[in-house]
Amino acid sequence: MMEEYFDTELINFPLDALIIEQDGEIIREEYVEPFDKNMLHRMFSVAKSYTSLAVGALYAEGKLNLPDRITNYFPEYKELVKSDELRNTTIENLLLMRTPYAKTTYKMIQTDDWVKSFFEVIADHAPGMIFQYDTSAAVVLGALVKRISGKGVLDYLREVFLKEIGFSDEAYMLKTPSGDEHTGSGLMAYPRDLLVTGEFLLSVLTGDFCEKYNYLIKERRFDSAFWDRYISYLREAMSYHSATVHTGKTRSECCGYGYQFWMLPKGGVMMYGMGGQYLLFYPEKKTIIVTTADTQSAAGGTQWILDEAEKFADGIGSNVGKRSESSEYEIGRANVLYGTFHILIPQQFLRCYTFSAKELVLEGMDRTYRLPYSEEGYGTVVEWSPEIKICARGELQKDGSFYIHARFVGECLGAIHILLCEKEGRGQLYLRCVEETALKQFNGFFDSSKDS
């Protein structure tokens, strides 16, 4: 029974809308007062995925290439750019959330011009290596779409396919303080808008696109060559490229990231907005789930929605949501990461690190931290101080990076999230300590060079 999933009568749980479609048939559609199907809803970061769809269409038109440097498209900010890290940042880096920033740039300085902030803030690590969620990346990509197409993200996409698949005319993007579209978190749309988008994207992943959307190809200004390139882009966008296990706050946020799309367990793909705004699709079961909600004051609410979706989709395979064979992101081997890496800008607590099959060693000016780990479970407990005892487990990620989860045991309770990445002799170490008082220096990105 459908009622076994997504109980919309849960007390104090504000699920606003739910649509489930299977094999092209809506099997449940429900709205909770005061919301109904004719009310626009804030979709937050679902906007990012639509921005990716627009960037992909420009790529398919031949108006940009993903390896292009983003600074080339914003020459008016050239004098603001202070680092090679930013100069070398590509459109693809922004799509993958592999920017040279540890935080969203317009939250790092006081400014109304969110696009300008991306070029104004000084980069703190090399781009293109490790995922870090950055809403300013999506805002800049939205400005890029406007700059090239002359239209906002939704208006441009309406010309490409949104209008003809039934996406509403009323949906819009909120504005940033400077008047740019808030393509990072500002989408206002109907739940049905997400549904028709899900039908379109599901057809791309299942191979039914030409059969269902042939009318988009015929007698349109976008020819078959455009659609071949666009479909190729969409499949890459909805494929695993980046590990997210080091930053994920819920279980489902640890499954990987594509081009502004999230990967899910059970082979699913997700367009994700804060507070429970979801477009989830499971290609092997040909199932689409749309939810709108406000879980911001309901602890664990977003994962509850995703758990219910996963229960419903239980039993499907996991072949979708992985990188295609054509992707440049090949599955790496951990031994590529083994060796000694020297921090390019040494810190008091960290001047180099050595990674091997059994241990990560962090060497500082004053002391050395040895962290044995196991890939089978949490390894030996080591004492770093009378208050800090720690053990760790490690796992190779599908993008070739290596993740270590180090747990405190004893008086200090918490964890250190560690991700190691290597690319062409350059290394990058990510540290995030989650504990009330201990090891506050264990936070941030650390660029390094590998001993030959």
# chains A, B, ... in the order shown; residues from 1 in each chain; ligands from 1
$ select_by_dssp --residues "stretch 209-407 of chain A" --states "strand (DSSP E or B)" --output "ChimeraX atom specification"
/A:242,257,262-263,269-273,277-282,287-293,339-343,352-355,359-363,368-372,374,382-383,389-396,402-407
$ residues_around --residues "A:Leu194" --least-positions-apart "6" --cutoff "12 Å" --atoms "only C-alpha atoms" --output "ChimeraX atom specification"
/A:17-21,37,40-43,46-47,49-50,162,165-168,171,187-188,200-202,270-273,277-281,288-292
$ write_last_selection --atoms "C-alpha atoms" --output "compact mmCIF listing (two decimals), in the first residue's frame"
# COMPACT_ATOMS: atom_id res chain seq x y z
CA ALA A 17 3.49 17.83 -1.34
CA LEU A 18 4.18 14.32 -2.56
CA ILE A 19 4.00 12.90 -6.08
CA ILE A 20 4.99 9.35 -7.01
CA GLU A 21 5.04 8.23 -10.62
CA LYS A 37 -0.94 21.92 -6.71
CA LEU A 40 4.44 27.86 -6.18
CA HIS A 41 6.93 26.47 -3.66
CA ARG A 42 10.48 27.52 -2.82
CA MET A 43 12.71 24.74 -4.17
CA VAL A 46 17.04 22.34 -6.90
CA ALA A 47 17.87 25.54 -8.81
CA SER A 49 20.40 21.30 -11.23
CA TYR A 50 18.41 23.50 -13.62
CA LEU A 162 10.91 23.07 -20.69
CA ILE A 165 7.29 19.21 -21.78
CA GLY A 166 4.72 21.16 -19.74
CA PHE A 167 6.92 23.14 -17.36
CA SER A 168 4.95 26.14 -16.15
CA ALA A 171 8.06 29.36 -12.30
CA LEU A 187 13.86 28.49 -7.64
CA MET A 188 10.11 29.02 -7.21
CA PHE A 200 12.44 14.10 -19.25
CA LEU A 201 15.63 13.18 -17.37
CA LEU A 202 14.46 9.67 -16.62
CA MET A 270 18.62 13.46 -6.90
CA MET A 271 17.88 17.14 -7.44
CA TYR A 272 18.12 18.39 -3.89
CA GLY A 273 16.86 21.53 -2.19
CA GLN A 277 12.64 19.77 -1.77
CA TYR A 278 13.42 16.70 -3.86
CA LEU A 279 13.18 15.33 -7.34
CA LEU A 280 14.30 11.71 -7.02
CA PHE A 281 14.39 9.30 -9.91
CA ILE A 288 9.96 9.38 -9.93
CA ILE A 289 9.33 10.87 -6.50
CA VAL A 290 8.74 14.59 -5.90
CA THR A 291 8.48 16.10 -2.44
CA THR A 292 8.23 19.62 -1.09
$ atom_distance --atom1 "atom CA of A:Ser374" --atom2 "atom CA of A:Tyr240"
25.0 Å
$ closest_residue --among "A:Asp124, A:Asp307, A:Glu164, A:Glu170" --to "A:Asp84" --atoms "only C-alpha atoms"
A:Asp124
$ residues_around --residues "A:Asp68" --least-positions-apart "6" --cutoff "9 Å" --atoms "only C-alpha atoms" --output "PDB file with N, CA and C atoms, in the first residue's frame"
ATOM      1  N   THR A  89      40.671  27.823 -12.756  1.00  0.00           N
ATOM      2  CA  THR A  89      39.388  27.195 -12.452  1.00  0.00           C
ATOM      3  C   THR A  89      38.514  27.145 -13.708  1.00  0.00           C
ATOM      4  N   THR A  90      37.962  25.969 -13.989  1.00  0.00           N
ATOM      5  CA  THR A  90      37.194  25.758 -15.209  1.00  0.00           C
ATOM      6  C   THR A  90      35.696  25.714 -14.930  1.00  0.00           C
ATOM      7  N   ILE A  91      34.938  25.790 -16.009  1.00  0.00           N
ATOM      8  CA  ILE A  91      33.479  25.633 -15.897  1.00  0.00           C
ATOM      9  C   ILE A  91      33.154  24.288 -15.266  1.00  0.00           C
ATOM     10  N   GLU A  92      33.866  23.249 -15.678  1.00  0.00           N
ATOM     11  CA  GLU A  92      33.608  21.929 -15.109  1.00  0.00           C
ATOM     12  C   GLU A  92      33.893  21.890 -13.618  1.00  0.00           C
TER      13      GLU A  92
END
$ select_by_dssp --residues "stretch 54-205 of chain A" --states "helix (DSSP H, G or I)" --output "ChimeraX atom specification"
/A:54-60,70-73,75-80,84-87,91-95,105-107,114-120,135-149,153-165,191-205
$ residues_around --residues "stretch 176-186 of chain A" --least-positions-apart "3" --cutoff "12 Å" --atoms "only C-alpha atoms" --output "PyMOL selection string"
chain A and resi 41-55+94-95+97+104+106+110-117+133-147+151-155+171-173+189+260+271-275+277
$ atom_distance --atom1 "atom CA of A:Glu236" --atom2 "atom CA of A:Leu64"
16.2 Å
